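File shown: model_33.pdb (PDB, C-alpha atoms and all ligand atoms).
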ATOM      1  CA  MET A 141     -17.559   6.409 -43.304  1.00  0.00           C
ATOM      2  CA  LEU A 142     -17.146   9.132 -40.720  1.00  0.00           C
ATOM      3  CA  ASP A 143     -19.439   7.189 -38.406  1.00  0.00           C
ATOM      4  CA  GLU A 144     -17.192   4.164 -38.742  1.00  0.00           C
ATOM      5  CA  ALA A 145     -14.105   6.236 -37.968  1.00  0.00           C
ATOM      6  CA  MET A 146     -15.839   7.754 -34.946  1.00  0.00           C
ATOM      7  CA  GLU A 147     -16.911   4.324 -33.792  1.00  0.00           C
ATOM      8  CA  GLY A 148     -13.345   3.060 -34.107  1.00  0.00           C
ATOM      9  CA  LEU A 149     -12.058   6.034 -32.167  1.00  0.00           C
ATOM     10  CA  ARG A 150     -14.674   5.553 -29.486  1.00  0.00           C
ATOM     11  CA  SER A 151     -13.856   1.877 -29.024  1.00  0.00           C
ATOM     12  CA  ALA A 152     -10.115   2.673 -28.867  1.00  0.00           C
ATOM     13  CA  PHE A 153     -10.895   5.277 -26.225  1.00  0.00           C
ATOM     14  CA  ASP A 154     -13.060   2.815 -24.257  1.00  0.00           C
ATOM     15  CA  THR A 155     -10.267   0.241 -24.357  1.00  0.00           C
ATOM     16  CA  ALA A 156      -7.713   2.784 -23.137  1.00  0.00           C
ATOM     17  CA  THR A 157     -10.057   3.915 -20.370  1.00  0.00           C
ATOM     18  CA  LYS A 158     -10.657   0.335 -19.281  1.00  0.00           C
ATOM     19  CA  ARG A 159      -6.902  -0.360 -19.287  1.00  0.00           C
ATOM     20  CA  THR A 160      -6.297   2.681 -17.088  1.00  0.00           C
ATOM     21  CA  ALA A 161      -9.058   1.608 -14.707  1.00  0.00           C
ATOM     22  CA  ASP A 162      -7.599  -1.902 -14.607  1.00  0.00           C
ATOM     23  CA  ALA A 163      -4.137  -0.528 -13.876  1.00  0.00           C
ATOM     24  CA  ILE A 164      -5.451   1.617 -11.030  1.00  0.00           C
ATOM     25  CA  GLY A 165      -7.517  -1.247  -9.617  1.00  0.00           C
ATOM     26  CA  ASN A 166      -4.535  -3.528  -9.921  1.00  0.00           C
ATOM     27  CA  SER A 167      -2.128  -1.191  -8.125  1.00  0.00           C
ATOM     28  CA  ARG A 168      -4.674  -0.761  -5.312  1.00  0.00           C
ATOM     29  CA  SER A 169      -4.925  -4.532  -5.022  1.00  0.00           C
ATOM     30  CA  TYR A 170      -1.140  -4.787  -4.904  1.00  0.00           C
ATOM     31  CA  VAL A 171      -1.042  -2.225  -2.074  1.00  0.00           C
ATOM     32  CA  GLU A 172      -3.786  -4.112  -0.254  1.00  0.00           C
ATOM     33  CA  ARG A 173      -1.947  -7.380  -0.714  1.00  0.00           C
ATOM     34  CA  ALA A 174       1.360  -5.896   0.482  1.00  0.00           C
ATOM     35  CA  LYS A 175      -0.388  -4.635   3.641  1.00  0.00           C
ATOM     36  CA  LEU A 176      -1.940  -8.045   4.281  1.00  0.00           C
ATOM     37  CA  ARG A 177       1.397  -9.763   3.711  1.00  0.00           C
ATOM     38  CA  SER A 178       3.119  -7.507   6.229  1.00  0.00           C
ATOM     39  CA  LYS A 179       0.374  -8.120   8.833  1.00  0.00           C
ATOM     40  CA  LEU A 180       0.639 -11.828   8.134  1.00  0.00           C
ATOM     41  CA  ASN A 181       4.419 -11.783   8.606  1.00  0.00           C
ATOM     42  CA  GLU A 182       3.951  -9.958  11.898  1.00  0.00           C
ATOM     43  CA  ALA A 183       1.387 -12.519  13.095  1.00  0.00           C
ATOM     44  CA  TYR A 184       3.698 -15.402  12.106  1.00  0.00           C
ATOM     45  CA  ARG A 185       6.553 -13.699  13.951  1.00  0.00           C
ATOM     46  CA  MET A 186       4.454 -13.318  17.099  1.00  0.00           C
ATOM     47  CA  LEU A 187       3.315 -16.929  16.861  1.00  0.00           C
ATOM     48  CA  GLY A 188       6.956 -17.983  16.579  1.00  0.00           C
ATOM     49  CA  MET A 189       7.834 -15.940  19.653  1.00  0.00           C
ATOM     50  CA  ALA A 190       4.939 -17.400  21.626  1.00  0.00           C
ATOM     51  CA  GLU A 191       5.984 -20.933  20.653  1.00  0.00           C
ATOM     52  CA  TYR A 192       9.582 -20.143  21.524  1.00  0.00           C
ATOM     53  CA  GLU A 193       8.619 -18.781  24.945  1.00  0.00           C
ATOM     54  CA  ALA A 194       6.548 -21.897  25.523  1.00  0.00           C
ATOM     55  CA  ALA A 195       9.441 -24.181  24.576  1.00  0.00           C
ATOM     56  CA  VAL A 196      12.062 -22.333  26.629  1.00  0.00           C
ATOM     57  CA  ASN A 197      10.031 -21.471  29.710  1.00  0.00           C
ATOM     58  CA  GLY A 198       7.653 -24.392  29.607  1.00  0.00           C
ATOM     59  CA  VAL A 199       4.806 -21.966  29.954  1.00  0.00           C
ATOM     60  CA  SER A 200       2.481 -21.725  27.027  1.00  0.00           C
ATOM     61  CA  SER A 201      -0.475 -19.470  26.634  1.00  0.00           C
ATOM     62  CA  MET A 202      -2.877 -21.489  24.532  1.00  0.00           C
ATOM     63  CA  GLU A 203      -5.194 -18.514  24.525  1.00  0.00           C
ATOM     64  CA  GLN A 204      -2.534 -16.314  22.922  1.00  0.00           C
ATOM     65  CA  ILE A 205      -1.430 -19.022  20.494  1.00  0.00           C
ATOM     66  CA  ASN A 206      -4.979 -19.851  19.438  1.00  0.00           C
ATOM     67  CA  GLY A 207      -5.706 -16.144  19.030  1.00  0.00           C
ATOM     68  CA  LEU A 208      -2.707 -15.777  16.722  1.00  0.00           C
ATOM     69  CA  ILE A 209      -3.652 -18.863  14.725  1.00  0.00           C
ATOM     70  CA  GLY A 210      -7.147 -17.434  14.279  1.00  0.00           C
ATOM     71  CA  ARG A 211      -5.692 -14.121  13.164  1.00  0.00           C
ATOM     72  CA  ILE A 212      -3.379 -15.836  10.679  1.00  0.00           C
ATOM     73  CA  THR A 213      -6.292 -17.815   9.244  1.00  0.00           C
ATOM     74  CA  ASP A 214      -8.325 -14.603   8.833  1.00  0.00           C
ATOM     75  CA  LEU A 215      -5.416 -12.837   7.129  1.00  0.00           C
ATOM     76  CA  ARG A 216      -4.798 -15.782   4.808  1.00  0.00           C
ATOM     77  CA  ASN A 217      -8.476 -15.809   3.839  1.00  0.00           C
ATOM     78  CA  ALA A 218      -8.386 -12.059   3.171  1.00  0.00           C
ATOM     79  CA  MET A 219      -5.255 -12.555   1.044  1.00  0.00           C
ATOM     80  CA  SER A 220      -6.958 -15.306  -0.991  1.00  0.00           C
ATOM     81  CA  GLU A 221      -9.944 -13.039  -1.492  1.00  0.00           C
ATOM     82  CA  VAL A 222      -7.739 -10.215  -2.831  1.00  0.00           C
ATOM     83  CA  ASN A 223      -5.922 -12.677  -5.104  1.00  0.00           C
ATOM     84  CA  ARG A 224      -9.208 -14.066  -6.411  1.00  0.00           C
ATOM     85  CA  SER A 225     -10.653 -10.621  -7.108  1.00  0.00           C
ATOM     86  CA  MET A 226      -7.457  -9.559  -8.907  1.00  0.00           C
ATOM     87  CA  GLN A 227      -7.633 -12.649 -11.083  1.00  0.00           C
ATOM     88  CA  ARG A 228     -11.353 -12.237 -11.699  1.00  0.00           C
ATOM     89  CA  VAL A 229     -11.160  -8.575 -12.673  1.00  0.00           C
ATOM     90  CA  HIS A 230      -7.710  -8.197 -14.138  1.00  0.00           C
ATOM     91  CA  GLY A 231      -6.530 -11.590 -15.240  1.00  0.00           C
ATOM     92  CA  PHE A 232      -3.166 -12.704 -13.972  1.00  0.00           C
ATOM     93  CA  TYR A 233      -0.428 -10.124 -13.671  1.00  0.00           C
ATOM     94  CA  CYS A 234       3.200 -10.493 -12.690  1.00  0.00           C
ATOM     95  CA  PRO A 235       3.829  -8.635  -9.401  1.00  0.00           C
ATOM     96  CA  LYS A 236       7.362  -7.798 -10.552  1.00  0.00           C
ATOM     97  CA  CYS A 237       7.023  -6.581 -14.155  1.00  0.00           C
ATOM     98  CA  GLY A 238       3.241  -6.317 -14.599  1.00  0.00           C
ATOM     99  CA  ARG A 239       3.118  -8.591 -17.627  1.00  0.00           C
ATOM    100  CA  GLU A 240      -0.166 -10.464 -18.032  1.00  0.00           C
ATOM    101  CA  SER A 241       0.088 -14.215 -17.859  1.00  0.00           C
ATOM    102  CA  THR A 242      -2.339 -17.083 -18.264  1.00  0.00           C
ATOM    103  CA  ALA A 243      -4.028 -19.052 -15.517  1.00  0.00           C
ATOM    104  CA  GLY A 244      -1.850 -21.875 -14.293  1.00  0.00           C
ATOM    105  CA  ASP A 245       1.467 -20.186 -15.099  1.00  0.00           C
ATOM    106  CA  ILE A 246       3.874 -20.619 -12.212  1.00  0.00           C
ATOM    107  CA  TYR A 247       6.560 -18.278 -13.525  1.00  0.00           C
ATOM    108  CA  CYS A 248       6.201 -15.001 -15.422  1.00  0.00           C
ATOM    109  CA  PRO A 249       6.780 -15.572 -19.133  1.00  0.00           C
ATOM    110  CA  ALA A 250       8.500 -12.152 -19.366  1.00  0.00           C
ATOM    111  CA  CYS A 251      10.806 -11.859 -16.356  1.00  0.00           C
ATOM    112  CA  GLY A 252      10.717 -15.322 -14.806  1.00  0.00           C
ATOM    113  CA  ALA A 253       9.475 -14.136 -11.384  1.00  0.00           C
ATOM    114  CA  LYS A 254       7.381 -16.622  -9.423  1.00  0.00           C
ATOM    115  CA  LEU A 255       3.714 -15.705  -9.861  1.00  0.00           C
ATOM    116  CA  PRO A 256       1.307 -15.495  -6.915  1.00  0.00           C
ATOM    117  CA  GLU A 257      -0.888 -18.586  -6.458  1.00  0.00           C
TER     118      GLU A 257
HETATM  119 ZN    ZN B 301       7.277 -10.556 -14.802  1.00  0.00          ZN
END
In structure tokens, what does this structure look like?
Ligand SMILES: [Zn+2]
Amino acid sequence: MLDEAMEGLRSAFDTATKRTADAIGNSRSYVERAKLRSKLNEAYRMLGMAEYEAAVNGVSSMEQINGLIGRITDLRNAMSEVNRSMQRVHGFYCPKCGRESTAGDIYCPACGAKLPE
């Protein structure tokens, strides 16, 4: 009887520990993803500027543009990798309210925010 109670307590503790670990892992992934998104936005901005310069001045640096496209592709791949690992380890979580959702949901069932792909 006592053993059963202890076992129940232990499994509740394990679940709580796992939840905490998941929450920490998840917040790290969110930080990582936010960093990647900001780098990606910067690369898109620079690509836009390079294209603009090319259109206005008629001078285009294919080397610069190709370099930026390569960088954007790398960043997008890194972003997909973070998204995949978050989904693999933690299931699907809403970036706005943190509510877990099921695979294939487009909008959060709790707050209605658009979920990451
Ligand atoms: Zn939500």
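Taking all atoms listed in the file into account, every polymer residue with at least one atom at most 12 Å away from ligand ZN 301 (chain B) is listed here: Phe232, Tyr233, Cys234, Pro235, Lys236, Cys237, Gly238, Arg239, Glu240, Ser241, Asp245, Ile246, Tyr247, Cys248, Pro249, Ala250, Cys251, Gly252, Ala253, Lys254, Leu255 and Pro256 of chain A.
Distances here use only C-alpha atoms; by that measure, the residue among A:Ser200, A:Asn181, A:Thr242, A:Arg224 closest to Ile212 of chain A is A:Asn181.
In this model, the gap between atom CA of Glu257 of chain A and atom CA of Arg173 of chain A comes to 12.6 Å.
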Segment 204-211 of chain A, all listed atoms, 5 Å padding on each side: what axis-aligned box centre and edge lengths in Å to one decimal come out, as AutoDock Vina command-line options?
--center_x -4.3 --center_y -17.0 --center_z 18.0 --size_x 15.7 --size_y 15.7 --size_z 19.8
Please, what distance in Å, to one decimal, runs between atom CA of Met186 of chain A and atom CA of Leu208 of chain A? 7.6 Å
As a check of understanding, name the residues that the PyMOL selection byres (((chain A and resi 183) around 12) and not hetatm) selects in the supplied structure, as a PyMOL selection string. chain A and resi 176-182+184-190+204-216
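Of the listed residues A:Ala194, A:Met146, A:Ala152, A:Ala174, the one whose atoms come nearest to Val222 of chain A is A:Ala174, with distances taken using all atoms listed in the file.
Between atom CA of Ser225 of chain A and atom CA of Asp154 of chain A the separation is 21.9 Å.
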Could you check which of A:Ser167, A:Gly198, A:Glu172, A:Gly148 is closest to Ala218 of chain A, using all atoms listed in the file? A:Glu172
Would you save segment 163-212 of chain A from the block above with C-alpha atoms, as a short mmCIF file (atom, residue, chain, number, x, y, z; two decimals), in the first residue's frame?
data_model
loop_
_atom_site.label_atom_id
_atom_site.label_comp_id
_atom_site.auth_asym_id
_atom_site.auth_seq_id
_atom_site.Cartn_x
_atom_site.Cartn_y
_atom_site.Cartn_z
CA ALA A 163 9.33 24.07 -20.68
CA ILE A 164 13.00 25.02 -20.40
CA GLY A 165 13.86 23.28 -23.67
CA ASN A 166 10.92 24.95 -25.32
CA SER A 167 11.82 28.46 -24.16
CA ARG A 168 15.40 27.92 -25.38
CA SER A 169 14.04 26.85 -28.75
CA TYR A 170 11.84 29.94 -28.86
CA VAL A 171 14.87 32.15 -28.15
CA GLU A 172 16.84 30.32 -30.83
CA ARG A 173 14.00 30.71 -33.29
CA ALA A 174 13.59 34.43 -32.50
CA LYS A 175 17.33 34.94 -33.16
CA LEU A 176 17.12 33.08 -36.47
CA ARG A 177 14.04 35.06 -37.48
CA SER A 178 15.80 38.35 -36.80
CA LYS A 179 18.88 37.27 -38.81
CA LEU A 180 16.58 36.13 -41.59
CA ASN A 181 14.75 39.48 -41.62
CA GLU A 182 18.10 41.26 -41.81
CA ALA A 183 19.23 39.08 -44.73
CA TYR A 184 15.93 39.69 -46.57
CA ARG A 185 16.33 43.42 -45.95
CA MET A 186 19.86 43.41 -47.37
CA LEU A 187 18.72 41.39 -50.37
CA GLY A 188 15.97 43.94 -50.96
CA MET A 189 18.49 46.77 -50.78
CA ALA A 190 20.84 45.01 -53.19
CA GLU A 191 17.98 44.42 -55.64
CA TYR A 192 16.87 48.02 -55.26
CA GLU A 193 20.38 49.34 -55.93
CA ALA A 194 20.56 47.10 -58.98
CA ALA A 195 17.23 48.37 -60.30
CA VAL A 196 17.96 52.05 -59.68
CA ASN A 197 21.62 52.19 -60.65
CA GLY A 198 21.60 49.41 -63.19
CA VAL A 199 24.56 47.91 -61.43
CA SER A 200 24.00 44.58 -59.80
CA SER A 201 26.44 42.57 -57.81
CA MET A 202 25.47 38.99 -58.54
CA GLU A 203 28.13 37.89 -56.10
CA GLN A 204 26.50 39.85 -53.27
CA ILE A 205 22.98 38.79 -54.26
CA ASN A 206 23.92 35.12 -54.57
CA GLY A 207 25.73 35.32 -51.24
CA LEU A 208 22.60 36.70 -49.59
CA ILE A 209 20.38 34.08 -51.21
CA GLY A 210 22.72 31.38 -49.92
CA ARG A 211 22.62 32.89 -46.45
CA ILE A 212 18.82 33.06 -46.51
#
